[in-house]
Amino acid sequence: MNISIEHVTQKYGSHEVLHDVSFESKSGEVLALLGPNGSGKSTLIKTIADIISPAAGTIKIDGTDLQKIDPIARAKMIGYVPQYFHYTPFTTVLDTVLIGRRPYMSWSVSDDDLNIADSALSIMSITDLSDRFVNELSGGQRQRVFIARALAQDPSFFLFDEPTSSLDLRHQLETVLTMQNIVRKDDSGMIIALHDLNLALRYTDKVLMLKDGEMYAYGTPDNVLTVESVRDVYGVNSEIVENEQGKFILSYAPS
Amino acid sequence: MTKVETSNTKTTRLYHSIQKRKFIVLVILALVLIISSILAIGIGSVYIPPQDVLTVFGHALFPEQISSPDDGMADLIVLNFRLPRILLAILAGVALATAGAVMQGLLRNPLVSPFTLGLSSAASFGAALMIVLGPAIFGAVFAGTIILVGVTFSIKSILLILSAFLFGWLSVILVYFISKTKNTSQAIMILAGVVIGYLFQAGLLALKYVSNDDALREIVTWLMGGMWGATWQAIAILLPIVLICFFLVERKAWDLNTLSGGDDVAKNLGINVPRFRITGLLIVSFAASACLAFTGIIGFVGLMAPHICRMLLGNDYRYLLPASALLGALILLISDTVARVIFAPVEIPVGIIMYILGGLFFLFLITRGHGRYLA
């Protein structure tokens with residue numbers, strides 16, 4: 001599957017938050033969206049998820065305008081994990097994950113739905129939490145539940161808005177690796193907004209850097225993530241070091 | 001995504017065992033409601049034992065095979081007076097509890113109900129408007145009667161019911177138009193409901209102020225709520241409305257579940273959130289306004305029943321809605337029976353009992369810890 005974003009502009013009232021953004025993301029590829037707070041990452045992800053319509057420009061899925069695709073068909077293609085989660089007390093982890101099956105069911109839950117939910121729970125290592133209430137979990141556990149919900153949706157494309165923000169170090173790495181595996185194995189696509197430049201550098205295939213709602217750079221992580229781009233976009237002095245594990249960005253002071 | 005091929009996964013087993021427990025709770029609630037109804041029919045100034053109540057039902061259904069329990073007095077009391085009243089309490093309980101549960105899900109706020117969204121205030125205003133201004137607007141016709149399908153109705157009560165219903169429902173339509181200016185967000189809807197509630201309260205106060213002693217007494221009695229309006233005609237109108245509205249929202253149980261993940265997640269899962277929010281609100285407030293129009297104001301059922309059921313069964317709306325409906329019916333039936341007999345032969349308005357129950361319930365909610373029960 002191919003998602004192409006063509007000259008997309010987005011506004012909140014008269015304030016332009018995205019200006020003329022164009023890029024492409026395809027199956028089997030992890031694309032990182034980078035940029036400081038307020039650079040338009042979340043807005044771009046919501047626009048691609050069809051949660052908000054673009055003020056100008058088009059988004060195409062395999063050549064078809066996203067706005068013309070039936071919402072249920074679109075729900076089976078694109079799964080979205082927001083940055084902030086809503087949950088209602090007394091909702092179990094399993095019920096939350098099953099919400100992801102909504103595009104496939106009307107009232108009753110089939111064994112197929114349950115098997116897919118089971119896989120999603122086990123991929124995120126939360127099978128043991130299935131009968132717990134979401135409001136009883138830690139922030140990190142809850143984040144894994146919401147990622148499992150998107151996995152249960154079984155889409156061809158994942159949109160993640162900072163999915164690792166409440167996870168500890170180990171779970172951040174595990175989650176990104178798990179998602180990378182799914183993308184590789186199932187040939188799905190993924191656009192992921194990240195704050196951690198090293199996760200982007202090491203685990204993604206393409207990087208799009210946004211600055212004040214405009215595209216600053218787009219390309220492979222090695223090409224885009226440089227000392228200069230980090231200084232220009234984030235206002236931070238950094239150094240790129242390399243060892244046997246690969247490249248790392250060390251940021252040390254505001255520029 | 002690669003799925004596990006066997007259908008005997010831990011998740012499948014867990015899901016089916018939880019469903020079974022939820023189903024058992026529903027069956028128990030239904031049985032308790034049926035038994036309570038039979039007992040409630042028997043209780044009153046003339047006591048009719050449960051077996052006689054059942055015989056009356058049997059006689060009504062199979063007059064040839066089963067004979068009436070006595071000289072026909074029990075038949076008259078059960079079928080003409082107590083059964084319609086008990087059915088009205090059950091229908092009002094179902095409508096108000098379902099409305100509360102659905103409103104809480106649609107607006108993702110545990111404290112909304114027909115009471116907090118302005119619907120009750122608007123219906124009160126509609127009723128008071130007719131009590132105070134009806135005689136002036138409709139003149140002599142207002143005190144007259146009308147014969148519809150062979151039954152005599154008081155024009156005043158028909159207009160009062162219509163006015164209460166229309167204003168109750170109108171308030172929700174107003175909430176919709178106000179919130180539409182801000183993308184039908186749930187926060188704006190709640191605020192719009194509160195504001196509209198205050199405006200109708202102001203109108204109600206003004207009507208009370210200008211009304212004469214008789215009208216004032218009538219308004220106050222209506223505001224306290226009661227099952228005095230119970231007739232077979234009322235049941236014939238309300239039964240299809242309540243049942244159809246219930247099944248319309250029950251069919252959308254998964255959409256209500258999905259909305260608990262937030263508007264953005266629901267949109268991503270294919271739901272047209274603004275449209276779902278307003279159609280859901282209009283459906284449940286239609287049934288709630290229709291019931292309130294016959295019973296007067298009855299608060300707290302819409303808050304208590306869904307809360308207790310959420311604690312018992314969890315937040316899956318497929319089970320939460322029928323459980324809330326059954327429990328709402330049970331709460332209102334028991335409260336109405338208590339209201340009927342506690343100071344017999346004098347009846348007190350069921351609204352008073354509901355305020356006491358509601359107060360105690362919230363005291364319990366704020367003092368207890370987060371327990372977990374069945375889900």
# chains A, B, ... in the order shown; residues from 1 in each chain; ligands from 1
$ interface_residues --of "chain A" --to "chain B" --cutoff "8 Å" --atoms "only C-alpha atoms" --output "JSON, numbers by chain"
{"A": [49, 50, 51, 71, 72, 73, 74, 75, 76, 78, 79, 80, 81, 82, 85, 86, 87, 88, 89, 90, 91, 92, 94, 95, 96, 99, 100, 102, 103, 106, 107, 111, 112, 114, 115, 116, 117, 118, 119, 127, 130, 131, 151, 154, 182, 186]}
$ residues_around --residues "Leu201 in chain A" --least-positions-apart "4" --cutoff "10 Å" --atoms "only C-alpha atoms" --output "PyMOL selection string"
chain A and resi 32+196-197+205-207+220-225+246-249
$ select_by_dssp --residues "range 155-261 of chain B" --states "alpha helix (DSSP H)" --output "JSON, numbers by chain"
{"B": [155, 156, 157, 158, 159, 160, 161, 162, 163, 164, 165, 166, 167, 168, 169, 170, 171, 172, 173, 174, 175, 176, 177, 178, 179, 180, 186, 187, 188, 189, 190, 191, 192, 193, 194, 195, 196, 197, 198, 199, 200, 201, 202, 203, 204, 205, 206, 207, 208, 209, 210, 213, 214, 215, 216, 217, 218, 219, 220, 221, 222, 223, 224, 232, 233, 234, 235, 236, 237, 238, 239, 240, 241, 242, 243, 244, 245, 246, 247, 248, 249, 250, 253, 254, 255, 256, 257, 258, 259]}
$ atom_distance --atom1 "CA of Gly351 in chain B" --atom2 "CA of Ile298 in chain B"
5.3 Å
$ atom_distance --atom1 "CA of Glu162 in chain A" --atom2 "CA of Gln83 in chain A"
5.7 Å
$ atom_distance --atom1 "CA of Ala236 in chain B" --atom2 "CA of Pro84 in chain B"
9.8 Å
$ residues_around --residues "Ile5 in chain A" --least-positions-apart "3" --cutoff "8 Å" --atoms "only C-alpha atoms" --output "list of chain:residue names"
A:Val8, A:Val21, A:Ser22, A:Phe23, A:Glu24, A:Ile48, A:Gly57, A:Thr58, A:Ile59, A:Lys60
$ write_last_selection --atoms "N, CA and C atoms" --output "PDB file, in the first residue's frame"
ATOM      1  N   VAL A   8      -0.246  19.140   1.137  1.00  0.00           N
ATOM      2  CA  VAL A   8      -1.246  19.273   2.203  1.00  0.00           C
ATOM      3  C   VAL A   8      -0.967  20.499   3.080  1.00  0.00           C
ATOM      4  N   VAL A  21       2.829  20.326   2.545  1.00  0.00           N
ATOM      5  CA  VAL A  21       3.634  19.136   2.868  1.00  0.00           C
ATOM      6  C   VAL A  21       3.373  18.051   1.817  1.00  0.00           C
ATOM      7  N   SER A  22       4.416  17.515   1.240  1.00  0.00           N
ATOM      8  CA  SER A  22       4.281  16.433   0.256  1.00  0.00           C
ATOM      9  C   SER A  22       5.330  15.362   0.523  1.00  0.00           C
ATOM     10  N   PHE A  23       4.894  14.134   0.635  1.00  0.00           N
ATOM     11  CA  PHE A  23       5.832  13.008   0.729  1.00  0.00           C
ATOM     12  C   PHE A  23       5.066  11.720   0.480  1.00  0.00           C
ATOM     13  N   GLU A  24       5.777  10.627   0.495  1.00  0.00           N
ATOM     14  CA  GLU A  24       5.150   9.342   0.208  1.00  0.00           C
ATOM     15  C   GLU A  24       5.622   8.322   1.238  1.00  0.00           C
ATOM     16  N   ILE A  48      -3.681  12.487   8.029  1.00  0.00           N
ATOM     17  CA  ILE A  48      -3.526  11.252   7.251  1.00  0.00           C
ATOM     18  C   ILE A  48      -4.546  10.200   7.730  1.00  0.00           C
ATOM     19  N   GLY A  57      -4.879  20.530  -0.553  1.00  0.00           N
ATOM     20  CA  GLY A  57      -4.061  19.369  -0.921  1.00  0.00           C
ATOM     21  C   GLY A  57      -4.847  18.078  -0.779  1.00  0.00           C
ATOM     22  N   THR A  58      -4.243  16.960  -1.207  1.00  0.00           N
ATOM     23  CA  THR A  58      -4.943  15.680  -1.117  1.00  0.00           C
ATOM     24  C   THR A  58      -4.038  14.606  -0.535  1.00  0.00           C
ATOM     25  N   ILE A  59      -4.700  13.591   0.016  1.00  0.00           N
ATOM     26  CA  ILE A  59      -3.988  12.413   0.497  1.00  0.00           C
ATOM     27  C   ILE A  59      -4.542  11.246  -0.304  1.00  0.00           C
ATOM     28  N   LYS A  60      -3.666  10.458  -0.901  1.00  0.00           N
ATOM     29  CA  LYS A  60      -4.140   9.349  -1.723  1.00  0.00           C
ATOM     30  C   LYS A  60      -3.633   8.029  -1.180  1.00  0.00           C
TER      31      LYS A  60
END
$ residues_around --residues "range 212-215 of chain A" --least-positions-apart "4" --cutoff "6 Å" --atoms "only C-alpha atoms" --output "number ranges by chain"
A: 17-19, 39-40
$ residues_around --residues "Asp75 in chain B" --least-positions-apart "3" --cutoff "10 Å" --atoms "only C-alpha atoms" --output "list of chain:residue names"
B:Asp52, B:Val53, B:Thr55, B:Val56, B:Phe57, B:His59, B:Ala60, B:Ser68, B:Pro69, B:Asp70, B:Asp71, B:Gly72, B:Val78, B:Leu79, B:Asn80, B:Phe81
$ select_by_dssp --residues "range 90-301 of chain B" --states "strand (DSSP E)" --output "PyMOL selection string"
chain B and resi 145-148+151-154
$ write_last_selection --atoms "N, CA and C atoms" --output "mmCIF file, in the first residue's frame"
data_model
loop_
_atom_site.group_PDB
_atom_site.id
_atom_site.type_symbol
_atom_site.label_atom_id
_atom_site.label_comp_id
_atom_site.auth_asym_id
_atom_site.auth_seq_id
_atom_site.Cartn_x
_atom_site.Cartn_y
_atom_site.Cartn_z
ATOM 1 N N THR B 145 -63.316 17.190 27.354
ATOM 2 C CA THR B 145 -62.814 15.834 27.126
ATOM 3 C C THR B 145 -62.898 15.532 25.645
ATOM 4 N N ILE B 146 -62.202 14.507 25.250
ATOM 5 C CA ILE B 146 -62.225 14.100 23.853
ATOM 6 C C ILE B 146 -62.304 12.578 23.817
ATOM 7 N N ILE B 147 -63.038 12.050 22.844
ATOM 8 C CA ILE B 147 -63.137 10.593 22.741
ATOM 9 C C ILE B 147 -62.272 10.124 21.582
ATOM 10 N N LEU B 148 -61.254 9.355 21.897
ATOM 11 C CA LEU B 148 -60.369 8.808 20.866
ATOM 12 C C LEU B 148 -60.439 7.290 20.947
ATOM 13 N N VAL B 151 -62.228 5.810 23.780
ATOM 14 C CA VAL B 151 -61.839 6.090 25.165
ATOM 15 C C VAL B 151 -61.897 7.590 25.403
ATOM 16 N N THR B 152 -62.426 7.971 26.581
ATOM 17 C CA THR B 152 -62.540 9.395 26.901
ATOM 18 C C THR B 152 -61.241 9.896 27.547
ATOM 19 N N PHE B 153 -60.695 10.966 26.988
ATOM 20 C CA PHE B 153 -59.473 11.556 27.537
ATOM 21 C C PHE B 153 -59.762 12.987 27.971
ATOM 22 N N SER B 154 -59.062 13.435 29.021
ATOM 23 C CA SER B 154 -59.149 14.846 29.383
ATOM 24 C C SER B 154 -58.204 15.611 28.463
#
$ closest_residue --among "A:Gly28, A:Gln10, A:Val241, A:His195" --to "Ser166 in chain A" --atoms "only C-alpha atoms"
A:His195
$ residues_around --residues "Ile131 in chain B" --least-positions-apart "5" --cutoff "9 Å" --atoms "only C-alpha atoms" --output "mmCIF file with C-alpha atoms, in the first residue's frame"
data_model
loop_
_atom_site.group_PDB
_atom_site.id
_atom_site.type_symbol
_atom_site.label_atom_id
_atom_site.label_comp_id
_atom_site.auth_asym_id
_atom_site.auth_seq_id
_atom_site.Cartn_x
_atom_site.Cartn_y
_atom_site.Cartn_z
ATOM 1 C CA GLY B 126 -43.481 22.465 29.211
ATOM 2 C CA LYS B 156 -55.915 19.096 29.631
ATOM 3 C CA LEU B 160 -49.887 18.682 29.323
ATOM 4 C CA SER B 211 -49.480 31.053 38.870
ATOM 5 C CA ALA B 215 -51.894 25.877 39.489
ATOM 6 C CA LEU B 216 -48.883 26.152 41.788
ATOM 7 C CA GLU B 218 -50.420 21.196 40.450
ATOM 8 C CA ILE B 219 -46.955 22.231 39.185
#
$ residues_around --residues "range 286-296 of chain B" --least-positions-apart "2" --cutoff "8 Å" --atoms "only C-alpha atoms" --output "PyMOL selection string"
chain B and resi 91-92+95-96+99+114+119-120+123-124+127+160-166+168-169+222-230+234+238+241-242+245+282-284+298
$ closest_residue --among "A:Asn2, A:Thr64, A:Thr43, A:Ser27" --to "Ser188 in chain A" --atoms "only C-alpha atoms"
A:Ser27
$ closest_residue --among "A:Val233, A:Leu173, A:Val97, A:Met77" --to "Asn198 in chain A" --atoms "only C-alpha atoms"
A:Leu173
$ decode --residues "range 194-340 of chain B" --atoms "C-alpha atoms" --output "CSV table (one decimal), in the first residue's frame"
chain,number,residue,atom,x,y,z
B,194,VAL,CA,-26.5,22.8,31.6
B,195,VAL,CA,-27.2,26.3,30.2
B,196,ILE,CA,-30.4,25.3,28.6
B,197,GLY,CA,-31.4,23.6,31.8
B,198,TYR,CA,-30.9,26.9,33.7
B,199,LEU,CA,-32.9,28.9,31.1
B,200,PHE,CA,-35.9,26.5,31.4
B,201,GLN,CA,-35.5,26.6,35.2
B,202,ALA,CA,-35.8,30.4,34.9
B,203,GLY,CA,-38.9,30.0,32.8
B,204,LEU,CA,-40.3,27.5,35.3
B,205,LEU,CA,-39.7,29.9,38.3
B,206,ALA,CA,-41.4,32.7,36.4
B,207,LEU,CA,-44.4,30.5,35.7
B,208,LYS,CA,-44.6,29.4,39.4
B,209,TYR,CA,-44.4,33.1,40.4
B,210,VAL,CA,-47.3,34.1,38.3
B,211,SER,CA,-49.5,31.1,38.9
B,212,ASN,CA,-52.4,31.0,41.3
B,213,ASP,CA,-52.6,28.6,44.3
B,214,ASP,CA,-54.2,25.8,42.5
B,215,ALA,CA,-51.9,25.9,39.5
B,216,LEU,CA,-48.9,26.2,41.8
B,217,ARG,CA,-49.9,23.1,43.7
B,218,GLU,CA,-50.4,21.2,40.4
B,219,ILE,CA,-47.0,22.2,39.2
B,220,VAL,CA,-45.3,21.2,42.4
B,221,THR,CA,-47.0,17.8,42.4
B,222,TRP,CA,-45.9,17.3,38.7
B,223,LEU,CA,-42.4,18.2,39.6
B,224,MET,CA,-42.2,15.6,42.3
B,225,GLY,CA,-43.0,12.9,39.9
B,226,GLY,CA,-45.4,10.0,40.3
B,227,MET,CA,-47.1,7.1,38.6
B,228,TRP,CA,-50.5,8.6,38.9
B,229,GLY,CA,-50.8,8.9,35.1
B,230,ALA,CA,-50.8,5.2,34.7
B,231,THR,CA,-53.5,4.0,32.3
B,232,TRP,CA,-53.5,1.3,29.6
B,233,GLN,CA,-53.5,4.1,27.0
B,234,ALA,CA,-50.3,5.5,28.5
B,235,ILE,CA,-48.7,2.0,28.4
B,236,ALA,CA,-49.9,1.5,24.8
B,237,ILE,CA,-48.1,4.7,23.7
B,238,LEU,CA,-45.0,4.2,25.8
B,239,LEU,CA,-44.3,0.5,25.3
B,240,PRO,CA,-43.5,0.7,21.6
B,241,ILE,CA,-41.5,3.9,22.0
B,242,VAL,CA,-39.4,2.6,24.8
B,243,LEU,CA,-38.8,-0.8,23.2
B,244,ILE,CA,-37.9,0.6,19.7
B,245,CYS,CA,-35.6,3.3,21.2
B,246,PHE,CA,-33.9,0.6,23.4
B,247,PHE,CA,-33.2,-1.7,20.5
B,248,LEU,CA,-32.0,1.1,18.3
B,249,VAL,CA,-29.3,2.0,20.8
B,250,GLU,CA,-28.5,-1.6,21.8
B,251,ARG,CA,-27.7,-2.2,18.1
B,252,LYS,CA,-25.1,0.5,18.4
B,253,ALA,CA,-23.5,-0.9,21.5
B,254,TRP,CA,-20.1,-1.3,19.9
B,255,ASP,CA,-20.1,2.2,18.7
B,256,LEU,CA,-20.7,3.4,22.2
B,257,ASN,CA,-17.8,1.1,23.4
B,258,THR,CA,-15.6,2.6,20.7
B,259,LEU,CA,-16.4,6.2,21.7
B,260,SER,CA,-14.9,5.4,25.1
B,261,GLY,CA,-11.5,5.5,23.4
B,262,GLY,CA,-12.0,9.1,22.4
B,263,ASP,CA,-13.4,10.9,19.4
B,264,ASP,CA,-10.3,10.6,17.3
B,265,VAL,CA,-10.0,6.8,17.9
B,266,ALA,CA,-13.8,6.4,17.1
B,267,LYS,CA,-13.4,8.4,13.9
B,268,ASN,CA,-10.4,6.3,12.9
B,269,LEU,CA,-12.5,3.2,13.5
B,270,GLY,CA,-15.0,4.4,10.9
B,271,ILE,CA,-17.6,6.1,13.1
B,272,ASN,CA,-19.2,9.5,12.1
B,273,VAL,CA,-18.9,10.8,15.6
B,274,PRO,CA,-21.0,14.0,15.4
B,275,ARG,CA,-23.8,12.2,13.6
B,276,PHE,CA,-23.7,9.2,16.0
B,277,ARG,CA,-23.7,11.6,19.0
B,278,ILE,CA,-26.7,13.5,18.0
B,279,THR,CA,-28.8,10.6,16.7
B,280,GLY,CA,-28.0,8.7,19.9
B,281,LEU,CA,-29.1,11.6,22.1
B,282,LEU,CA,-32.2,12.2,20.1
B,283,ILE,CA,-33.3,8.6,20.3
B,284,VAL,CA,-32.8,8.2,24.1
B,285,SER,CA,-34.2,11.6,24.9
B,286,PHE,CA,-37.3,10.8,22.8
B,287,ALA,CA,-38.1,7.8,25.0
B,288,ALA,CA,-37.1,9.7,28.2
B,289,SER,CA,-39.2,12.7,27.4
B,290,ALA,CA,-42.2,10.6,26.5
B,291,CYS,CA,-42.0,8.8,29.9
B,292,LEU,CA,-41.3,12.0,31.9
B,293,ALA,CA,-44.4,13.5,30.2
B,294,PHE,CA,-46.5,10.9,31.9
B,295,THR,CA,-44.7,10.6,35.2
B,296,GLY,CA,-43.4,14.0,36.0
B,297,ILE,CA,-39.8,14.5,37.1
B,298,ILE,CA,-38.0,11.4,38.3
B,299,GLY,CA,-34.3,12.0,38.9
B,300,PHE,CA,-31.3,9.8,39.6
B,301,VAL,CA,-32.5,6.6,38.0
B,302,GLY,CA,-30.4,7.6,35.0
B,303,LEU,CA,-27.3,8.0,37.1
B,304,MET,CA,-27.7,5.2,39.7
B,305,ALA,CA,-28.6,2.2,37.5
B,306,PRO,CA,-25.8,2.6,34.9
B,307,HIS,CA,-23.2,3.3,37.7
B,308,ILE,CA,-24.2,0.2,39.6
B,309,CYS,CA,-24.2,-1.9,36.4
B,310,ARG,CA,-20.8,-0.6,35.4
B,311,MET,CA,-19.4,-1.7,38.7
B,312,LEU,CA,-21.2,-5.1,38.3
B,313,LEU,CA,-20.5,-5.9,34.7
B,314,GLY,CA,-18.0,-3.5,33.3
B,315,ASN,CA,-18.4,-0.9,30.6
B,316,ASP,CA,-19.3,-3.2,27.6
B,317,TYR,CA,-22.5,-1.5,26.4
B,318,ARG,CA,-23.9,-4.7,24.9
B,319,TYR,CA,-24.5,-5.8,28.5
B,320,LEU,CA,-24.4,-2.5,30.2
B,321,LEU,CA,-27.6,-1.2,28.4
B,322,PRO,CA,-29.9,-4.2,29.2
B,323,ALA,CA,-28.6,-4.4,32.7
B,324,SER,CA,-29.1,-0.7,33.3
B,325,ALA,CA,-32.6,-0.9,31.8
B,326,LEU,CA,-33.5,-3.9,34.1
B,327,LEU,CA,-32.0,-2.3,37.2
B,328,GLY,CA,-33.6,1.1,36.4
B,329,ALA,CA,-36.9,-0.6,36.1
B,330,LEU,CA,-36.4,-2.4,39.4
B,331,ILE,CA,-35.2,0.7,41.3
B,332,LEU,CA,-38.2,2.7,40.1
B,333,LEU,CA,-40.7,-0.2,40.7
B,334,ILE,CA,-39.5,-0.7,44.3
B,335,SER,CA,-39.4,3.1,44.9
B,336,ASP,CA,-42.9,3.6,43.6
B,337,THR,CA,-44.2,0.7,45.7
B,338,VAL,CA,-42.6,2.2,48.8
B,339,ALA,CA,-44.1,5.6,47.9
B,340,ARG,CA,-47.5,3.9,47.6
